[in-house]
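Data block below; observations after.
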Amino acid sequence: PVRRLPPLAGRVYGRRWLVLLLFSLLGFAQGLVWNTWGPIQNSARLAFGFSGWDIALLVFWGPIGFAPCFFFMWLMDKKGLRVTVLLTSSLMVLGAGLRCVPVSDLEIRKKLIHGGQLLNGLAGPTVMNAAPFLSTTWFSPDERATATAIASLLNYLGAAGAFLVGPLVVPSPNGTSHLLLASQSNTEHIKDRIEAVLYAEFGMVSLIFSAALAYFPSRPPFPPSVAAASQRLSYRRSFCRLLSNFRFLMIALAYAIPLGVFSGWSGVLDLILTPVHVSQVDAGWIGFWSIVGGCVVGIAMARFADFIRGMLKFILLLLLSGATLASTWFTLTCLTSVTHLPLTTATLYTSCILLGIFLNSSVPIFFELFVETVYPVPEGITCGVVTFLSNVFMGVLLFFLTFYHTEFSWFNWCLPGSCLLSLLLILCFRESYDRLYLDVVVSV
């Protein structure tokens with residue numbers, strides 16, 4: 001007879017919070033660099049001669065950067081977090097540096113800026129997909145959802161920081177910035193302020209890369225849970241399992257469609273609000289508070305999910321119902337000539353902020369539900385597939401925006417349509433918690 005040994009209890013280390021902090025700062029910087037140009041698109045047009053097509057393309061490099069997504073996920077599963085994070089941060093340093101090259105020829109400078117945005121976009125797969133892998137590797141089961149929320153939402157918070165930093169540091173062409181006098185808002189001054197932002201972002205990315213190079217381990221000496229120590233499926237078997245799992249495909253579309261549409265929409269929010277006479281600064285504040293609210297509520301919801309397990313579907317139903325109502329309100333408000341709803345700064349602020357809160361806070365809940373549904377498929381591969389789909393939808397939307405950028409009512413209607421479709425998919429979804437079952441039952 002074979003003697004059965006009781007499973008070893010998981011062990012957590014205090015250094016897990018340092019690892020989470022470094023990874024979260026990397027995601028914050030990547031989101032900040034990606035969203036540099038959207039909030040200051042009017043100033044960038046004047047300083048560097050960007051066209052509307054250039055602004056849309058600068059945002060479009062984000063989803064294009066997801067083309068090698070599965071290479072980064074394979075690298076993370078085979079080599080661990082350290083190698084993947086160092087490669088990702090080095091691409092970000094190179095990309096941020098290219099945008100700062102002082103070339104007098106505007107055409108060459110524009111190409112360098114586009115190249116820098118592409119390299120930063122290549123860092124997207126790691127900072128957006130690796131959060132569940134990091135939380136499983138380093139955190140106990142009652143902390144996983146919280147760690148996933150922090151690691152995944154800091155990327156969105158970086159994009160929110162761009163909404164705040166850009167319009168406040170860079171004056172708009174008509175001198176509406178309250179920090180600078182209108183007489184100072186000439187082309188050279190605007191260009192100098194934009195370059196100051198680019199240099200500051202380069203310095204921040206370089207500092208984070210140096211910290212990760214000095215200390216960022218791949219995994220702890222002992223796993224924190226049974227699930228963290230268990231054997232996972234191979235790369236090929238994982239894809240076969242995912243593509244043949246109808247329940248996974250349902251929730252993957254429920255995530256990818258609304259989040260892809262919302263990411264593209266928020267990236268060109270200033271462009272969308274300009275026709276309704278919203279200033280660059282106001283558009284920046286709207287984008288900032290919508291993402292910040294989503295980050296705060298998302299972490300709170302994840303903490304709630306850690307305390308009361310098995311409630312992920314219910315939380316998503318609440319969040320997507322709110323997103324559907326908020327996006328419908330915003331879209332109808334912008335059609336004020338037809339609906340006669342009051343178009344004020346207060347209504348735009350409220351509807352946009354509520355939309356951002358409901359959609360952004362659903363991201364970590366979706367990630368945890370993905371991993372629970374398809375376990376033992378590796379977390380990196382699972383989240384890589386869904387974020388790749390999300391960026392496909394975002395890329396298709398921005399592709400059409402490069403051709404139809406004179407009128408945005410069609411773009412606004414995509415928001416409530418995608419949220420409603422996601423809500424219906426979640427309603428039809430049957431949830432399961434395979435990873436949680438392993439941790440709770442096997443470890444007892």
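Each chain of the structure tokens is named A, B, ... in the order shown, its residues numbered from 1; ligands are numbered from 1 in display order.
For Leu94 of chain A, the non-local neighbours within 12 Å, defined as residues at least 4 positions apart in the same chain or in other chains and counting only C-alpha atoms, are A:Leu87, A:Thr88, A:Ser89, A:Ser90, A:Leu98, A:Arg99, A:Cys100, A:Val101, A:Leu112, A:Ile113, A:Gly115, A:Gly116, A:Gln117, A:Leu118, A:Leu119, A:Asn120, A:Gly121, A:Leu122, A:Ala123, A:Glu201, A:Phe202, A:Gly203, A:Val205, A:Ser206, A:Phe209.
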Residues just named, written with C-alpha atoms as a CSV table (one decimal), in the first residue's frame:
```csv
chain,number,residue,atom,x,y,z
A,87,LEU,CA,11.9,42.1,-21.6
A,88,THR,CA,8.7,44.1,-21.3
A,89,SER,CA,10.3,47.0,-19.4
A,90,SER,CA,13.3,47.2,-21.7
A,98,LEU,CA,12.6,57.1,-29.1
A,99,ARG,CA,9.9,59.6,-28.5
A,100,CYS,CA,12.5,62.0,-26.9
A,101,VAL,CA,15.1,62.0,-29.7
A,112,LEU,CA,10.2,58.2,-34.1
A,113,ILE,CA,7.1,59.0,-32.0
A,115,GLY,CA,7.9,53.8,-33.4
A,116,GLY,CA,8.1,54.6,-29.7
A,117,GLN,CA,4.3,54.1,-29.3
A,118,LEU,CA,4.6,50.7,-31.1
A,119,LEU,CA,7.3,49.5,-28.7
A,120,ASN,CA,5.2,50.6,-25.8
A,121,GLY,CA,2.3,48.7,-27.3
A,122,LEU,CA,4.4,45.6,-27.4
A,123,ALA,CA,4.5,45.8,-23.5
A,201,GLU,CA,7.8,59.6,-18.8
A,202,PHE,CA,11.1,58.3,-20.1
A,203,GLY,CA,12.7,59.0,-16.7
A,205,VAL,CA,10.0,54.1,-17.1
A,206,SER,CA,13.8,53.9,-16.8
A,209,PHE,CA,13.2,49.1,-15.2
```
- Query: Neighbours of segment 388-395 of chain A within 9 Å (only C-alpha atoms; same-chain residues fewer than 4 positions away dropped), as a list in words?
  - Reply: Phe60, Trp61, Gly62, Pro63, Ile64, Phe66, Ala67, Cys69, Phe70, Pro125, Ala252, Leu253, Tyr255, Ala256, Ile257, Pro258, Leu259, Gly260, Val261, Phe262, Ser263, Gly264, Trp265, Cys383, Gly384, Phe399 and Phe400 of chain A
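For segment 426-434 of chain A, the list of residues within 10 Å, based on only C-alpha atoms and with local chain neighbours fewer than 6 positions off taken out, reads Ala227, Phe246, Arg247, Phe248, Met250, Ile251, Leu253, Ala254, Tyr255, Arg309, Gly310, Met311, Leu312, Lys313, Phe314, Leu316, Leu317, Leu320, Glu368, Leu369, Phe370, Val371, Glu372, Thr373, Val374, Tyr375 and Pro376 of chain A.
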- Atom-to-atom span, atom CA of Ala326 of chain A and atom CA of Val33 of chain A, Å: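 Straight-line distance from atom CA of Ala326 of chain A to atom CA of Val33 of chain A works out to 27.8 Å.
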- Please provide the set of residues having any atom within 9 Å of Trp138 of chain A, restricted to only C-alpha atoms, with same-chain residues fewer than 3 positions apart removed, written as a count of residues only. 16
- Item | Atomic distance atom CA of Met301 of chain A - atom CA of Pro132 of chain A, expressed in Å with one decimal |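 Taking atom CA of Met301 of chain A as the start and atom CA of Pro132 of chain A as the end point, the length is 15.7 Å.
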- All alpha helix (DSSP H) positions in segment 338-408 of chain A, as a count of residues only: 53
